[in-house]
Amino acid sequence: MKLDDALRLAKKFPRDKTVPKQISEAISNSRGEQREKLLQIGEGLIVQAVSREDKMLVMKHLMT
């Protein structure tokens, strides 16, 4: 996944609950600097989480 696509996707969270899983898959399939930047985007999802359920969803996909 390109970083621009990941940023566009991240903006859809928490409305789109599939975003954490998609970002997690992108992180798994990347390396180096791109992986680091995708991890930062993933960390940003926690800040965007509105409810406890949103935070749990992010943690499930990105913190394990």
# chains A, B, ... in the order shown; residues from 1 in each chain; ligands from 1

call {"tool": "residues_around", "arguments": {"residues": "Gln34 (chain A)", "least_positions_apart": "4", "cutoff": "9 Å", "atoms": "only C-alpha atoms", "output": "list in words"}}
result
Lys2, Leu3, Ile27, Ser30, Leu38 and Leu39 of chain A

call {"tool": "write_last_selection", "arguments": {"atoms": "C-alpha atoms", "output": "PDB file, in the first residue's frame"}}
result
ATOM      1  CA  LYS A   2       1.315   3.429  -0.880  1.00  0.00           C
ATOM      2  CA  LEU A   3       1.639   5.920   1.952  1.00  0.00           C
ATOM      3  CA  ILE A  27       2.469  -2.967   7.701  1.00  0.00           C
ATOM      4  CA  SER A  30       6.145  -3.650   3.998  1.00  0.00           C
ATOM      5  CA  LEU A  38       2.868   2.931   8.159  1.00  0.00           C
ATOM      6  CA  LEU A  39       3.446   2.205  11.852  1.00  0.00           C
TER       7      LEU A  39
END

call {"tool": "residues_around", "arguments": {"residues": "Gly44 (chain A)", "least_positions_apart": "2", "cutoff": "12 Å", "atoms": "only C-alpha atoms", "output": "PDB file with C-alpha atoms, in the first residue's frame"}}
result
ATOM      1  CA  ALA A   6      -2.776   4.677   3.797  1.00  0.00           C
ATOM      2  CA  LEU A   7      -3.256   8.314   4.836  1.00  0.00           C
ATOM      3  CA  LEU A   9      -7.661   5.329   4.417  1.00  0.00           C
ATOM      4  CA  ALA A  10      -6.745   6.471   7.943  1.00  0.00           C
ATOM      5  CA  LYS A  11      -8.918   9.562   7.519  1.00  0.00           C
ATOM      6  CA  PHE A  13     -11.473   5.876  10.718  1.00  0.00           C
ATOM      7  CA  PRO A  14     -13.464   5.548  13.004  1.00  0.00           C
ATOM      8  CA  VAL A  19      -9.204   0.542   8.513  1.00  0.00           C
ATOM      9  CA  PRO A  20      -7.106  -0.900  11.390  1.00  0.00           C
ATOM     10  CA  ILE A  23      -3.298  -0.779   7.847  1.00  0.00           C
ATOM     11  CA  LYS A  37       5.773   5.378   8.278  1.00  0.00           C
ATOM     12  CA  LEU A  38       2.868   2.931   8.159  1.00  0.00           C
ATOM     13  CA  LEU A  39       3.446   2.205  11.852  1.00  0.00           C
ATOM     14  CA  GLN A  40       3.159   5.931  12.563  1.00  0.00           C
ATOM     15  CA  ILE A  41      -0.107   6.059  10.629  1.00  0.00           C
ATOM     16  CA  GLY A  42      -1.299   3.102  12.704  1.00  0.00           C
ATOM     17  CA  ILE A  46      -5.441   5.447  18.390  1.00  0.00           C
ATOM     18  CA  VAL A  47      -5.656   9.219  18.581  1.00  0.00           C
ATOM     19  CA  GLN A  48      -8.577   9.179  16.153  1.00  0.00           C
ATOM     20  CA  ALA A  49     -10.462   6.510  18.107  1.00  0.00           C
ATOM     21  CA  LYS A  55      -9.463   1.821  20.710  1.00  0.00           C
ATOM     22  CA  VAL A  58      -6.995  -0.617  16.874  1.00  0.00           C
ATOM     23  CA  MET A  59      -5.186  -2.480  19.632  1.00  0.00           C
ATOM     24  CA  LEU A  62      -1.965  -3.086  15.508  1.00  0.00           C
TER      25      LEU A  62
END

call {"tool": "select_by_dssp", "arguments": {"residues": "chain A", "states": "alpha helix (DSSP H)", "output": "VMD selection string"}}
result
chain A and resid 3 to 10 19 to 28 32 to 48 52 to 62
